[in-house]
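Engineer: Input model-v5.txt, format and content: compact mmCIF, C-alpha atoms and all ligand atoms.
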```txt
# COMPACT_ATOMS: atom_id res chain seq x y z
CA MET D 249 -11.06 -15.59 2.29
CA ALA D 250 -10.90 -16.65 -1.30
CA PHE D 251 -13.60 -18.79 -2.82
CA ARG D 252 -13.01 -22.23 -4.29
CA ILE D 253 -14.88 -24.46 -6.73
CA THR D 254 -16.04 -27.87 -5.56
CA ASP D 255 -16.29 -31.17 -7.44
CA GLU D 256 -19.98 -30.36 -8.03
CA CYS D 257 -18.86 -28.08 -10.89
CA ILE D 258 -20.32 -29.14 -14.23
CA SER D 259 -17.82 -26.97 -16.18
CA CYS D 260 -20.51 -24.81 -17.74
CA GLY D 261 -18.13 -21.83 -17.79
CA ALA D 262 -20.73 -19.30 -16.65
CA CYS D 263 -18.64 -18.03 -13.76
CA GLU D 264 -15.43 -17.29 -15.66
CA PRO D 265 -16.47 -14.03 -17.38
CA GLU D 266 -18.27 -12.79 -14.26
CA CYS D 267 -15.13 -12.61 -12.11
CA PRO D 268 -13.85 -9.03 -11.80
CA ASN D 269 -10.30 -10.28 -11.16
CA GLN D 270 -9.87 -12.94 -13.86
CA ALA D 271 -9.40 -15.43 -11.03
CA ILE D 272 -11.37 -18.27 -12.63
CA SER D 273 -10.09 -20.62 -15.30
CA GLU D 274 -10.82 -24.05 -16.71
CA GLY D 275 -8.89 -26.72 -14.84
CA ASP D 276 -8.15 -30.33 -15.73
CA VAL D 277 -11.40 -31.64 -14.22
CA VAL D 278 -13.48 -28.69 -13.02
CA PHE D 279 -13.08 -24.91 -13.16
CA VAL D 280 -10.65 -23.49 -10.62
CA ILE D 281 -10.17 -20.23 -8.69
CA ASP D 282 -6.70 -18.72 -8.19
CA PRO D 283 -6.63 -17.71 -4.51
CA ASP D 284 -4.02 -15.06 -5.30
CA ARG D 285 -6.60 -13.27 -7.48
CA CYS D 286 -9.89 -13.93 -5.65
CA THR D 287 -10.94 -11.07 -3.39
CA GLU D 288 -14.42 -12.45 -2.62
CA CYS D 289 -15.39 -9.72 -5.14
CA ILE D 290 -14.39 -7.08 -2.59
CA GLY D 291 -13.41 -3.95 -4.51
CA ALA D 292 -15.93 -4.55 -7.28
CA HIS D 293 -19.21 -6.11 -6.18
CA GLU D 294 -21.30 -6.48 -3.06
CA THR D 295 -21.74 -10.22 -3.54
CA GLN D 296 -19.62 -13.04 -4.95
CA GLN D 297 -20.43 -13.10 -8.65
CA CYS D 298 -19.31 -16.69 -9.22
CA ALA D 299 -21.51 -17.99 -6.43
CA GLU D 300 -24.45 -15.92 -7.70
CA ILE D 301 -24.34 -17.34 -11.20
CA CYS D 302 -23.31 -20.94 -10.54
CA PRO D 303 -26.26 -23.25 -11.30
CA VAL D 304 -25.04 -26.00 -8.97
CA ASP D 305 -23.75 -23.93 -6.00
CA ALA D 306 -20.18 -25.09 -6.57
CA CYS D 307 -18.51 -21.80 -5.53
CA VAL D 308 -17.92 -21.81 -1.79
CA PRO D 309 -15.64 -20.08 0.73
CA ASP D 310 -12.15 -21.59 0.84
CA GLU D 311 -11.43 -22.19 4.50
CA GLU D 312 -7.74 -22.72 3.71
CA HIS D 313 -7.41 -19.15 2.48
CA ARG D 314 -8.77 -17.05 5.30
CA GLU D 315 -8.21 -13.31 4.90
CA SER D 316 -9.69 -10.18 6.44
CA LYS D 317 -11.69 -7.68 4.41
CA GLU D 318 -8.74 -5.30 4.66
CA GLU D 319 -6.38 -7.92 3.22
CA LEU D 320 -8.83 -8.68 0.41
CA LEU D 321 -9.10 -4.98 -0.43
CA GLU D 322 -5.30 -4.70 -0.50
CA LYS D 323 -5.23 -7.69 -2.87
CA TRP D 324 -7.77 -5.95 -5.12
CA LYS D 325 -5.62 -2.80 -5.16
CA ARG D 326 -2.55 -4.83 -6.14
CA LEU D 327 -4.52 -6.40 -9.00
CA HIS D 328 -5.96 -3.07 -10.21
CA PRO D 329 -3.24 -0.43 -9.86
CA GLY D 330 -4.52 3.10 -10.34
CA GLU D 331 -8.20 2.10 -10.10
CA GLU D 332 -10.62 3.07 -7.36
CA PRO D 333 -12.38 0.20 -5.61
CA VAL D 334 -16.16 0.12 -5.38
CA LEU D 335 -16.93 0.00 -1.66
CA PHE D 336 -20.13 -1.19 0.01
S1 LIG D 401 -15.64 -14.52 -5.39
FE1 LIG D 401 -15.51 -12.90 -6.94
S2 LIG D 401 -13.30 -12.51 -7.11
FE2 LIG D 401 -13.52 -14.53 -6.15
S3 LIG D 401 -13.49 -15.98 -7.86
FE3 LIG D 401 -15.64 -15.51 -7.41
S4 LIG D 401 -16.13 -13.87 -8.86
FE4 LIG D 401 -13.89 -13.98 -8.72
S1 LIG D 402 -20.66 -21.60 -12.90
FE1 LIG D 402 -20.46 -23.32 -11.43
S2 LIG D 402 -20.76 -25.17 -12.66
FE2 LIG D 402 -20.33 -23.47 -14.08
S3 LIG D 402 -18.08 -23.56 -14.40
FE3 LIG D 402 -18.46 -22.12 -12.73
S4 LIG D 402 -18.29 -23.36 -10.85
FE4 LIG D 402 -18.54 -24.77 -12.56
```
Using structure tokens, write down the structure that the file contains.

Structural biologist:
Amino acid sequence: MAFRITDECISCGACEPECPNQAISEGDVVFVIDPDRCTECIGAHETQQCAEICPVDACVPDEEHRESKEELLEKWKRLHPGEEPVLF
């Protein structure tokens, strides 16, 4: 499933450059994750980079966007045509 950013976000911006899919952007109130671009970092990293760097633990699984690992890998391939995913 994609990740989402909770209201705990203090808009520090640390997560945005860490995302391998450019899924994170500054929203009206807090930073936001585009579920069409978030692959849970599958295809690029072993762990979720936004959650790793967030100082207030505001990056959490988005229960409304449940997807299998296979679906997330397919999403990564659509976002990175011609590239080879890093698999763990
Ligand atoms: S889990 Fe990974 S792909 Fe999803 S928003 Fe966070 S850094 Fe980006
Ligand atoms: S790292 Fe955490 S607090 Fe900072 S912008 Fe991202 S979600 Fe918000």

Engineer: Quick one: residues within 6 Å of ligand LIG 402 (chain D), with all atoms listed in the file, as a PyMOL selection string?

Structural biologist: chain D and resi 253+257-263+279+301-304+306-307

Engineer: Any idea what the distance is between CA of Glu264 (chain D) and CA of Val308 (chain D)?

Structural biologist: 14.8 Å

Engineer: Taking into account only C-alpha atoms and all ligand atoms, which residue in the set D:Asp255, D:Val278, D:Ala292, D:Cys298 is nearest to ligand LIG 401 (chain D)?

Structural biologist: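 Ranking D:Asp255, D:Val278, D:Ala292, D:Cys298 by distance to ligand LIG 401 (chain D), first place goes to D:Cys298.
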
Engineer: What is the CA of Glu312 (chain D)-CA of Pro265 (chain D) distance in Å, reported with one decimal?

Structural biologist: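 The value is 24.4 Å.
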
Engineer: Here is a test: counting only C-alpha atoms and all ligand atoms, which residue of D:Asp282, D:Glu318, D:Glu256, D:Glu331 is nearest to ligand LIG 401 (chain D)?

Structural biologist: D:Asp282

Engineer: When the cut-off is 10 Å and you count all atoms listed in the file, which residues lie near ligand LIG 401 (chain D), shown as a compact mmCIF listing (two decimals) with C-alpha atoms, in the frame of the given file?

Structural biologist:
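Below is the file out.txt, written as the result:
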```txt
# COMPACT_ATOMS: atom_id res chain seq x y z
CA MET D 249 -11.06 -15.59 2.29
CA ALA D 250 -10.90 -16.65 -1.30
CA PHE D 251 -13.60 -18.79 -2.82
CA ARG D 252 -13.01 -22.23 -4.29
CA ILE D 253 -14.88 -24.46 -6.73
CA CYS D 263 -18.64 -18.03 -13.76
CA GLU D 264 -15.43 -17.29 -15.66
CA PRO D 265 -16.47 -14.03 -17.38
CA GLU D 266 -18.27 -12.79 -14.26
CA CYS D 267 -15.13 -12.61 -12.11
CA PRO D 268 -13.85 -9.03 -11.80
CA ASN D 269 -10.30 -10.28 -11.16
CA GLN D 270 -9.87 -12.94 -13.86
CA ALA D 271 -9.40 -15.43 -11.03
CA ILE D 272 -11.37 -18.27 -12.63
CA SER D 273 -10.09 -20.62 -15.30
CA VAL D 280 -10.65 -23.49 -10.62
CA ILE D 281 -10.17 -20.23 -8.69
CA ASP D 282 -6.70 -18.72 -8.19
CA PRO D 283 -6.63 -17.71 -4.51
CA ASP D 284 -4.02 -15.06 -5.30
CA ARG D 285 -6.60 -13.27 -7.48
CA CYS D 286 -9.89 -13.93 -5.65
CA THR D 287 -10.94 -11.07 -3.39
CA GLU D 288 -14.42 -12.45 -2.62
CA CYS D 289 -15.39 -9.72 -5.14
CA ILE D 290 -14.39 -7.08 -2.59
CA GLY D 291 -13.41 -3.95 -4.51
CA ALA D 292 -15.93 -4.55 -7.28
CA HIS D 293 -19.21 -6.11 -6.18
CA GLU D 294 -21.30 -6.48 -3.06
CA THR D 295 -21.74 -10.22 -3.54
CA GLN D 296 -19.62 -13.04 -4.95
CA GLN D 297 -20.43 -13.10 -8.65
CA CYS D 298 -19.31 -16.69 -9.22
CA ALA D 299 -21.51 -17.99 -6.43
CA GLU D 300 -24.45 -15.92 -7.70
CA ILE D 301 -24.34 -17.34 -11.20
CA CYS D 302 -23.31 -20.94 -10.54
CA CYS D 307 -18.51 -21.80 -5.53
CA VAL D 308 -17.92 -21.81 -1.79
CA PRO D 309 -15.64 -20.08 0.73
CA LEU D 320 -8.83 -8.68 0.41
CA TRP D 324 -7.77 -5.95 -5.12
```

Engineer: Do you have the CA of Val277 (chain D)-CA of Leu327 (chain D) distance handy?

Structural biologist: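 Separation between CA of Val277 (chain D) and CA of Leu327 (chain D): 26.7 Å.
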
Engineer: Kindly add N, CA and C atoms to the incomplete region 275-303 of chain D and provide the output as a PDB file, in the coordinates of the input.

Structural biologist:
```pdb
ATOM      1  N   GLY D 275      -9.939 -25.823 -15.316  1.00  0.00           N
ATOM      2  CA  GLY D 275      -8.890 -26.720 -14.840  1.00  0.00           C
ATOM      3  C   GLY D 275      -8.945 -28.045 -15.571  1.00  0.00           C
ATOM      4  N   ASP D 276      -8.186 -29.010 -15.084  1.00  0.00           N
ATOM      5  CA  ASP D 276      -8.150 -30.330 -15.730  1.00  0.00           C
ATOM      6  C   ASP D 276      -9.495 -31.041 -15.623  1.00  0.00           C
ATOM      7  N   VAL D 277     -10.142 -30.913 -14.460  1.00  0.00           N
ATOM      8  CA  VAL D 277     -11.400 -31.640 -14.220  1.00  0.00           C
ATOM      9  C   VAL D 277     -12.570 -30.666 -14.102  1.00  0.00           C
ATOM     10  N   VAL D 278     -12.441 -29.708 -13.209  1.00  0.00           N
ATOM     11  CA  VAL D 278     -13.480 -28.690 -13.020  1.00  0.00           C
ATOM     12  C   VAL D 278     -12.829 -27.318 -13.147  1.00  0.00           C
ATOM     13  N   PHE D 279     -13.630 -26.260 -13.141  1.00  0.00           N
ATOM     14  CA  PHE D 279     -13.080 -24.910 -13.160  1.00  0.00           C
ATOM     15  C   PHE D 279     -12.397 -24.644 -11.816  1.00  0.00           C
ATOM     16  N   VAL D 280     -11.426 -23.750 -11.833  1.00  0.00           N
ATOM     17  CA  VAL D 280     -10.650 -23.490 -10.620  1.00  0.00           C
ATOM     18  C   VAL D 280     -10.542 -21.980 -10.376  1.00  0.00           C
ATOM     19  N   ILE D 281     -10.349 -21.619  -9.098  1.00  0.00           N
ATOM     20  CA  ILE D 281     -10.170 -20.230  -8.690  1.00  0.00           C
ATOM     21  C   ILE D 281      -8.751 -20.057  -8.174  1.00  0.00           C
ATOM     22  N   ASP D 282      -8.050 -19.042  -8.672  1.00  0.00           N
ATOM     23  CA  ASP D 282      -6.700 -18.720  -8.190  1.00  0.00           C
ATOM     24  C   ASP D 282      -6.841 -17.898  -6.909  1.00  0.00           C
ATOM     25  N   PRO D 283      -6.437 -18.442  -5.763  1.00  0.00           N
ATOM     26  CA  PRO D 283      -6.630 -17.710  -4.510  1.00  0.00           C
ATOM     27  C   PRO D 283      -5.821 -16.415  -4.449  1.00  0.00           C
ATOM     28  N   ASP D 284      -4.797 -16.302  -5.279  1.00  0.00           N
ATOM     29  CA  ASP D 284      -4.020 -15.060  -5.300  1.00  0.00           C
ATOM     30  C   ASP D 284      -4.754 -13.944  -6.040  1.00  0.00           C
ATOM     31  N   ARG D 285      -5.836 -14.274  -6.749  1.00  0.00           N
ATOM     32  CA  ARG D 285      -6.600 -13.270  -7.480  1.00  0.00           C
ATOM     33  C   ARG D 285      -8.014 -13.085  -6.941  1.00  0.00           C
ATOM     34  N   CYS D 286      -8.518 -14.043  -6.176  1.00  0.00           N
ATOM     35  CA  CYS D 286      -9.890 -13.930  -5.650  1.00  0.00           C
ATOM     36  C   CYS D 286      -9.923 -13.004  -4.446  1.00  0.00           C
ATOM     37  N   THR D 287     -10.773 -11.990  -4.517  1.00  0.00           N
ATOM     38  CA  THR D 287     -10.940 -11.070  -3.390  1.00  0.00           C
ATOM     39  C   THR D 287     -12.327 -11.204  -2.774  1.00  0.00           C
ATOM     40  N   GLU D 288     -13.018 -12.314  -3.055  1.00  0.00           N
ATOM     41  CA  GLU D 288     -14.420 -12.450  -2.620  1.00  0.00           C
ATOM     42  C   GLU D 288     -15.271 -11.369  -3.289  1.00  0.00           C
ATOM     43  N   CYS D 289     -14.771 -10.826  -4.393  1.00  0.00           N
ATOM     44  CA  CYS D 289     -15.390  -9.720  -5.140  1.00  0.00           C
ATOM     45  C   CYS D 289     -15.281  -8.385  -4.411  1.00  0.00           C
ATOM     46  N   ILE D 290     -14.599  -8.362  -3.263  1.00  0.00           N
ATOM     47  CA  ILE D 290     -14.390  -7.080  -2.590  1.00  0.00           C
ATOM     48  C   ILE D 290     -13.595  -6.159  -3.520  1.00  0.00           C
ATOM     49  N   GLY D 291     -14.017  -4.918  -3.604  1.00  0.00           N
ATOM     50  CA  GLY D 291     -13.410  -3.950  -4.510  1.00  0.00           C
ATOM     51  C   GLY D 291     -14.255  -3.724  -5.754  1.00  0.00           C
ATOM     52  N   ALA D 292     -15.163  -4.662  -6.040  1.00  0.00           N
ATOM     53  CA  ALA D 292     -15.930  -4.550  -7.280  1.00  0.00           C
ATOM     54  C   ALA D 292     -17.429  -4.772  -7.107  1.00  0.00           C
ATOM     55  N   HIS D 293     -17.797  -5.752  -6.307  1.00  0.00           N
ATOM     56  CA  HIS D 293     -19.210  -6.110  -6.180  1.00  0.00           C
ATOM     57  C   HIS D 293     -19.568  -6.387  -4.725  1.00  0.00           C
ATOM     58  N   GLU D 294     -20.837  -6.249  -4.430  1.00  0.00           N
ATOM     59  CA  GLU D 294     -21.300  -6.480  -3.060  1.00  0.00           C
ATOM     60  C   GLU D 294     -21.372  -7.971  -2.744  1.00  0.00           C
ATOM     61  N   THR D 295     -21.614  -8.778  -3.763  1.00  0.00           N
ATOM     62  CA  THR D 295     -21.740 -10.220  -3.540  1.00  0.00           C
ATOM     63  C   THR D 295     -20.783 -10.975  -4.469  1.00  0.00           C
ATOM     64  N   GLN D 296     -20.544 -12.229  -4.160  1.00  0.00           N
ATOM     65  CA  GLN D 296     -19.620 -13.040  -4.950  1.00  0.00           C
ATOM     66  C   GLN D 296     -20.299 -13.450  -6.261  1.00  0.00           C
ATOM     67  N   GLN D 297     -19.784 -12.914  -7.350  1.00  0.00           N
ATOM     68  CA  GLN D 297     -20.430 -13.100  -8.650  1.00  0.00           C
ATOM     69  C   GLN D 297     -20.420 -14.555  -9.107  1.00  0.00           C
ATOM     70  N   CYS D 298     -19.368 -15.275  -8.805  1.00  0.00           N
ATOM     71  CA  CYS D 298     -19.310 -16.690  -9.220  1.00  0.00           C
ATOM     72  C   CYS D 298     -20.385 -17.493  -8.505  1.00  0.00           C
ATOM     73  N   ALA D 299     -20.517 -17.258  -7.207  1.00  0.00           N
ATOM     74  CA  ALA D 299     -21.510 -17.990  -6.430  1.00  0.00           C
ATOM     75  C   ALA D 299     -22.928 -17.627  -6.883  1.00  0.00           C
ATOM     76  N   GLU D 300     -23.113 -16.359  -7.265  1.00  0.00           N
ATOM     77  CA  GLU D 300     -24.450 -15.920  -7.700  1.00  0.00           C
ATOM     78  C   GLU D 300     -24.893 -16.629  -8.970  1.00  0.00           C
ATOM     79  N   ILE D 301     -23.948 -16.823  -9.892  1.00  0.00           N
ATOM     80  CA  ILE D 301     -24.340 -17.340 -11.200  1.00  0.00           C
ATOM     81  C   ILE D 301     -24.253 -18.858 -11.302  1.00  0.00           C
ATOM     82  N   CYS D 302     -23.518 -19.493 -10.425  1.00  0.00           N
ATOM     83  CA  CYS D 302     -23.310 -20.940 -10.540  1.00  0.00           C
ATOM     84  C   CYS D 302     -24.622 -21.715 -10.382  1.00  0.00           C
ATOM     85  N   PRO D 303     -24.968 -22.532 -11.366  1.00  0.00           N
ATOM     86  CA  PRO D 303     -26.260 -23.250 -11.300  1.00  0.00           C
ATOM     87  C   PRO D 303     -26.264 -24.422 -10.332  1.00  0.00           C
TER      88      PRO D 303
END
```
